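Worksheet: the structure to be examined is printed underneath.
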Amino acid sequence: MRKSIILYITILFLCVSSGCNTGIESTKTITFSRDDRKRLAPTPEEKLMEDLRSQVLSEWSKGKRFLVSDNRVSVVFDPYSVNPDEGDLAGKVIEYEGVATKTTPGGADEAVIVFKDGSRILQYSTGKTPEVAATSISGMDVPMLIDLDLVEKARKILWGKKVWTRSQLWYDTDENKIDGRKFVAVDITDITPGTMVFPLKISIIDEKGKPAVMYMNAGGAGNESRTFQNLFSLADPKIKFPGIQDEVWSLIQLGKVRPGMTKEECKLSLGNPSDVNSGHDWNSTIDLWQYTNGTFLRFQDGVLLDFRN
């Protein structure tokens, strides 16, 4: 009988891995709509960052400063204002000059944002009417520009704070990916301009004095991967899990699993699975978790039996 059970479990695991029809129920990850998220109570991390927003165009003052993050920004500006082949804008700070209006071939008015690079005028066509652009375009919406007011506001909020990491997405000061740890205490030592994708560069130092960098976006939506609330916690996460052994917690911090871990421990380590399959044999419940990176976990009665990376 025991050999039959083991054979059944093995076939079950292999079939789900290869996508064959086992008759086992499959439950997709549940996602909340935007309205559902709005009804959820904000976390302390969300409350801290609720004032971190980039001003809309109507709030900009002449001289507002932006850092150019990439030379490819040349193709964003109107060709008569900058030659795309010049490619010398990355790292420069340009200033907002005002809003002009041009008439489209269809006869409609279009807002054009005017910037200055010293004596050079750079024009960005918004594709929107002046009225719509004034309230819908923020400092984060012009491609490859980093709003320096936003960076300074983030610095005032976060500089010097002790937080706990929720991500292993750590980089060294040369922007090389390094092995990071989750759920460790770090001090935020600086906030500076980041990249065209993640405009905020968060410098941290861990309890061992090791410096690192994490990149953050300024969005507030919980489904964005690098918002503050998805990168950091204001309280020690381990307090909520007093029953987890130190050895297992060390694996969780490294994003690893081993047989014998519970579903909760595996979820803390690897995050939510992309697909869940459940079934039963004669004596136990078998669960298979699949992740988008190809990792499979197999549980028996809620305990990790084995896994495949």
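For the structure tokens, the naming scheme is as follows: chains receive sequential letters (A, B, ...) according to their order of presentation, residues are indexed from 1 within each chain, and ligands are indexed from 1 in presentation order.
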message: Can you pull out every residue from region 68-283 of chain A that DSSP, working from the backbone, puts in alpha helix (DSSP H), and format the result as a PyMOL selection string?
response: chain A and resi 130-136+148-158+228-231+246-253+263-270
Per residue of region 223-285 of chain A within 12 Å of region 208-214 of chain A, note the shortest atom pair and the distance in Å to one decimal, counting only C-alpha atoms, and order the rows by chain and increasing residue number, as a Markdown table.
| residue | atom | partner | partner_atom | distance |
| --- | --- | --- | --- | --- |
| A:Arg226 | CA | A:Met214 | CA | 9.1 |
| A:Thr227 | CA | A:Met214 | CA | 10.9 |
| A:Phe228 | CA | A:Met214 | CA | 10.2 |
| A:Asn230 | CA | A:Met214 | CA | 11.6 |
| A:Leu231 | CA | A:Met214 | CA | 8.2 |
| A:Phe232 | CA | A:Met214 | CA | 10.1 |
Would you output that residue set with C-alpha atoms, as a PDB file, in the first residue's frame?
ATOM      1  CA  ARG A 226       9.129  48.311  -5.934  1.00  0.00           C
ATOM      2  CA  THR A 227       6.976  50.651  -3.923  1.00  0.00           C
ATOM      3  CA  PHE A 228       8.257  51.459  -0.449  1.00  0.00           C
ATOM      4  CA  ASN A 230       6.929  46.219  -1.018  1.00  0.00           C
ATOM      5  CA  LEU A 231      10.608  46.873  -0.337  1.00  0.00           C
ATOM      6  CA  PHE A 232      10.583  47.787   3.358  1.00  0.00           C
TER       7      PHE A 232
END
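Counting only C-alpha atoms, the residue from A:Ser69, A:Thr262, A:Ser250, A:Ser74 that sits nearest to Pro193 (chain A) is A:Ser69.
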- prompt: What's the 8 Å shell around region 142-159 of chain A, counting only C-alpha atoms, without same-chain residues fewer than 4 positions away, as a list in words?
  reply: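 Residues meeting the cut-off are Leu48, Met49, Leu52, Arg53, Ser54, Lys64, Arg65, Phe66, Leu67, Val68, Ser69, Asp70, Arg72, Val73, Val76, Ser138, Ile188, Thr189, Asp190, Ile191, Thr192, Pro193, Gly194, Thr195, Met196, Val197, Pro199 and Leu200 of chain A.
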field: strand (DSSP E) residues, from DSSP on the backbone, in region 30-181 of chain A, as a ChimeraX atom specification
entry: /A:65-68,93-103,109-117,120-125,145-147,162-165,169-171,177-179
Go ahead and dump the residues you just picked, N, CA and C atoms, as a compact mmCIF listing (two decimals), in the first residue's frame.
# COMPACT_ATOMS: atom_id res chain seq x y z
N ARG A 65 13.49 71.46 -11.65
CA ARG A 65 14.66 70.75 -12.15
C ARG A 65 14.39 69.25 -12.37
N PHE A 66 14.94 68.74 -13.44
CA PHE A 66 14.85 67.33 -13.79
C PHE A 66 16.23 66.81 -14.17
N LEU A 67 16.53 65.59 -13.74
CA LEU A 67 17.77 64.93 -14.14
C LEU A 67 17.49 64.02 -15.32
N VAL A 68 18.30 64.13 -16.36
CA VAL A 68 18.16 63.25 -17.53
C VAL A 68 18.86 61.93 -17.21
N VAL A 93 21.19 68.20 -15.72
CA VAL A 93 19.99 68.72 -15.09
C VAL A 93 19.41 69.78 -16.01
N ILE A 94 18.16 69.58 -16.42
CA ILE A 94 17.48 70.57 -17.26
C ILE A 94 16.35 71.20 -16.45
N GLU A 95 15.91 72.37 -16.87
CA GLU A 95 14.91 73.12 -16.11
C GLU A 95 13.65 73.35 -16.93
N TYR A 96 12.54 73.33 -16.21
CA TYR A 96 11.24 73.60 -16.82
C TYR A 96 11.13 75.09 -17.12
N GLU A 97 10.72 75.41 -18.35
CA GLU A 97 10.61 76.80 -18.79
C GLU A 97 9.16 77.26 -18.87
N GLY A 98 8.27 76.36 -19.29
CA GLY A 98 6.87 76.73 -19.43
C GLY A 98 6.16 75.79 -20.38
N VAL A 99 4.93 76.14 -20.75
CA VAL A 99 4.13 75.33 -21.66
C VAL A 99 3.76 76.18 -22.88
N ALA A 100 4.06 75.63 -24.05
CA ALA A 100 3.67 76.26 -25.30
C ALA A 100 2.53 75.46 -25.92
N THR A 101 1.97 75.98 -26.97
CA THR A 101 0.87 75.30 -27.66
C THR A 101 1.18 75.23 -29.14
N LYS A 102 0.91 74.07 -29.72
CA LYS A 102 1.04 73.95 -31.17
C LYS A 102 -0.25 73.36 -31.74
N THR A 103 -0.46 73.60 -33.01
CA THR A 103 -1.66 73.10 -33.67
C THR A 103 -1.32 71.80 -34.41
N ASP A 109 -5.45 71.94 -30.56
CA ASP A 109 -4.31 72.47 -29.81
C ASP A 109 -3.66 71.36 -29.00
N GLU A 110 -2.33 71.35 -28.96
CA GLU A 110 -1.58 70.36 -28.20
C GLU A 110 -0.59 71.08 -27.29
N ALA A 111 -0.52 70.62 -26.02
CA ALA A 111 0.41 71.22 -25.06
C ALA A 111 1.83 70.71 -25.33
N VAL A 112 2.79 71.63 -25.32
CA VAL A 112 4.20 71.31 -25.50
C VAL A 112 4.95 71.82 -24.28
N ILE A 113 5.61 70.91 -23.56
CA ILE A 113 6.37 71.31 -22.38
C ILE A 113 7.76 71.75 -22.83
N VAL A 114 8.15 72.91 -22.37
CA VAL A 114 9.42 73.50 -22.78
C VAL A 114 10.43 73.41 -21.63
N PHE A 115 11.60 72.85 -21.92
CA PHE A 115 12.70 72.75 -20.97
C PHE A 115 13.89 73.53 -21.51
N LYS A 116 14.82 73.86 -20.60
CA LYS A 116 16.05 74.53 -21.01
C LYS A 116 17.26 73.73 -20.53
N ASP A 117 18.20 73.58 -21.44
CA ASP A 117 19.51 73.01 -21.11
C ASP A 117 20.53 74.11 -21.37
N ARG A 120 20.02 76.08 -24.63
CA ARG A 120 19.29 75.25 -25.59
C ARG A 120 17.87 75.00 -25.12
N ILE A 121 16.92 75.12 -26.02
CA ILE A 121 15.51 74.88 -25.72
C ILE A 121 15.14 73.46 -26.15
N LEU A 122 14.51 72.70 -25.25
CA LEU A 122 14.06 71.34 -25.53
C LEU A 122 12.55 71.30 -25.39
N GLN A 123 11.86 70.75 -26.38
CA GLN A 123 10.41 70.75 -26.37
C GLN A 123 9.87 69.32 -26.41
N TYR A 124 8.92 69.05 -25.51
CA TYR A 124 8.31 67.73 -25.42
C TYR A 124 6.83 67.85 -25.73
N SER A 125 6.41 67.24 -26.84
CA SER A 125 5.00 67.26 -27.23
C SER A 125 4.23 66.23 -26.41
N LEU A 145 13.17 61.29 -17.60
CA LEU A 145 13.48 62.42 -16.73
C LEU A 145 13.13 62.06 -15.30
N ILE A 146 13.98 62.43 -14.35
CA ILE A 146 13.74 62.19 -12.93
C ILE A 146 13.45 63.52 -12.26
N ASP A 147 12.30 63.58 -11.63
CA ASP A 147 11.85 64.79 -10.94
C ASP A 147 12.68 64.97 -9.67
N LYS A 162 15.35 53.60 10.38
CA LYS A 162 15.65 52.18 10.50
C LYS A 162 14.44 51.41 9.99
N VAL A 163 14.67 50.52 9.04
CA VAL A 163 13.60 49.73 8.45
C VAL A 163 14.07 48.29 8.31
N TRP A 164 13.14 47.43 7.91
CA TRP A 164 13.47 46.02 7.64
C TRP A 164 13.16 45.72 6.18
N THR A 165 14.07 45.05 5.52
CA THR A 165 13.90 44.79 4.09
C THR A 165 12.84 43.71 3.84
N LEU A 169 16.32 42.29 -3.66
CA LEU A 169 16.81 43.04 -4.81
C LEU A 169 17.79 44.11 -4.36
N TRP A 170 18.99 43.67 -3.99
CA TRP A 170 20.05 44.55 -3.53
C TRP A 170 21.09 44.72 -4.64
N TYR A 171 21.70 45.90 -4.66
CA TYR A 171 22.75 46.20 -5.62
C TYR A 171 23.92 46.84 -4.88
N LYS A 177 24.08 43.64 -9.38
CA LYS A 177 23.21 42.85 -8.51
C LYS A 177 24.05 42.04 -7.54
N ILE A 178 23.65 42.05 -6.26
CA ILE A 178 24.35 41.27 -5.24
C ILE A 178 23.33 40.43 -4.50
N ASP A 179 23.81 39.49 -3.69
CA ASP A 179 22.92 38.64 -2.90
C ASP A 179 22.37 39.44 -1.72
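Across the structure, CA of Phe299 (chain A) and CA of Gly255 (chain A) are spaced 17.7 Å apart.
The nearest approach to Ser136 (chain A) among the residues A:Gln290, A:Gln55, A:Asn217, A:Asn309, with only C-alpha atoms taken into account, belongs to A:Gln55.
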Counting only C-alpha atoms, the residue of A:Ile137, A:Ile205, A:Tyr80, A:Arg258 that sits nearest Glu59 (chain A):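 Comparing A:Ile137, A:Ile205, A:Tyr80, A:Arg258 against Glu59 (chain A), the winner is A:Ile137.
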